[in-house]
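Okay, so here's the structure we're looking at.
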Amino acid sequence: MAFAGSTVHVGCALSIIEIVAVLYRSHLNLGDRTPRAAGRDYLVLSKGHGVMAQYACLHELGWLTDADLDRYFSNGTRMKGLSDAHVPGLEVTSGSLGHGLPVATGLALGAQRLRSGQRVFCVVGDGEMNEGAMWEALLFAGQFRLDNLVVIVDENRFQAMGPTQEVISLGSLHAKFAAFDYDVLSVDGHDEKALDAALDDLMARRNGRPKAIVAATVKGRGVSFMENNNVWHYTRLTKETFDAALAEVEGR
């Protein structure tokens with residue numbers, strides 16, 4: 001997609017692909033497996049610029065076609081570079097950072113009041129935690145005991161303009177979530193078994209506390225020249241770098 005659309009944010013998508021894949025494979029209740037199924041769980045990608053990872057999963061589900069992927073970011077396509085609720089399977093228009101988590105919190109509150117049994121999983125970036133609206137939403141979820149909300153932080157330690165520690169140091173996100181009365185676990189965000197186990201553990205705790213996973217990830221994971229190289233936040237693939245990246249991902 002990134003090569004076909006000559007667009008950016010490929011490193012951001014690679015840091016969350018295991019997180020999103022595990023959620024779709026094993027944890028999201030998809031109802032009748034149509035995009036707007038009644039009673040479905042919600043996956044809100046607050047880190048909307050990582051949307052290529054979610055598009056890949058929606059393609060596996062059959063909700064997006066090969067043609068959709070080939071036309072990513074081209075004129076007239078519905079496949080934009082940020083999460084857009086007009087695309088089947090995307091719940092929230094996001095990418096304006098700090099926006100998705102407040103919406104996810106509202107969805108969780110609505111599900112709680114309706115007693116629908118629906119859960120809300122929200123993937124956020126660690127750089128996104130700079131936004132004040134994120135902390136208001138976290139406080140709100142704790143106040144209203146939204147134990148159907150799971151916040152997953154993609155802690156790749158970079159944001160658009162540099163390392164998160166240099167832009168605004170956040171200290172221990174694990175400790176901060178705990179201080180906000182969340183059940184929180186820290187895992188390797190590329191270890192699918194660890195992610196599965198953490199999600200199983202947290203969702204078994206119906207104790208009135210919202211949930212959080214701090215997932216340690218590597219920006220650009222799987223492509224050696226992209227890993228922890230923040231230039232790939234905004235760099236476009238050439239034919240040479242695309243071929244080199246694909247060879248690494250496919251193990252050639």
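Ordering of the structure tokens sets the chain letters (A, B, ...), residue numbers begin anew at 1 in every chain, and ligands are numbered from 1 in the order given.
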
* as a ChimeraX atom specification, please: all residues of region 11-237 of chain A that backbone DSSP puts in strand (DSSP E or B). => /A:42-45,120-125,149-155,158-159,162-163,183-188,211-216

Proximity of region 133-221 of chain A to region 31-55 of chain A: per-residue shortest pair, 10 Å limit, only C-alpha atoms, as a tab-separated table:
```
residue	atom	partner	partner_atom	distance
A:Asn148	CA	A:Asp41	CA	9.7
A:Leu149	CA	A:Tyr42	CA	9.6
A:Val150	CA	A:Leu43	CA	9.7
A:Val151	CA	A:Val44	CA	9.5
A:Ile152	CA	A:Leu45	CA	9.8
A:Val153	CA	A:Lys47	CA	9.4
A:Asp154	CA	A:Lys47	CA	8.7
```

* Asked: If you run DSSP on the backbone, which residues of region 109-250 of chain A are alpha helix (DSSP H), as number ranges by chain?
  -> A: 109-114, 132-143, 164-167, 173-179, 192-203, 239-249

* Quote the spacing between CA of Gly162 (chain A) and CA of Asn230 (chain A) in Å to one decimal place. =>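 So the answer is 6.8 Å.
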
* Go through A:Leu138, A:Pro102, A:Cys57, A:Leu199 and flag the residue nearest Ala178 (chain A), using only C-alpha atoms for the distances. =>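 Of A:Leu138, A:Pro102, A:Cys57, A:Leu199, the one nearest Ala178 (chain A), counting only C-alpha atoms, is A:Leu138.
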
* Asked: So how many Å separate CA of Phe177 (chain A) and CA of Ala160 (chain A), to one decimal?
  ->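 So the two atoms, CA of Phe177 (chain A) and CA of Ala160 (chain A), lie 23.5 Å apart.
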
* Find the residues around Tyr24 (chain A) up to 9 Å (only C-alpha atoms counted), leave out those fewer than 4 positions away in its own chain, and share them as a ChimeraX atom specification. => /A:19-20,28-30,43,57-58,61

* Asked: Of the candidates A:Asp188, A:Asp196, A:Glu128, A:Asp84, which one gets nearest to Leu23 (chain A) if we count only C-alpha atoms?
  -> A:Asp196

* To do: For Glu131 (chain A), work out the shell of residues within 12 Å, counting only C-alpha atoms and skipping chain neighbours fewer than 4 positions away, then give it as a list in words.
  =>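 The filter keeps Ser46, Ser96, Leu97, Gly98, His99, Gly100, Leu101, Pro102, Val124, Gly125, Asp126, Gly127, Trp135, Glu136, Ala137, Leu138, Ile168 and Leu170 of chain A.
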
* Determine the nearest neighbour of Asp183 (chain A) from the options A:Glu227, A:Asp147, A:Glu155, A:Glu166, counting only C-alpha atoms. =>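 Using only C-alpha atoms, Asp183 (chain A) sits closest to A:Asp147.
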
* Pick out the residues sitting within 9 Å of region 234-240 of chain A, and hand them over as a PyMOL selection string; count only C-alpha atoms, and ignore anything fewer than 4 positions along from it in its own chain. => chain A and resi 2-3+6-11+160+230+244-245

* To do: Mind giving me the straight-line distance from CA of Val120 (chain A) to CA of Met203 (chain A) in Å, one decimal?
  =>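 Separation of CA of Val120 (chain A) and CA of Met203 (chain A): 11.0 Å.
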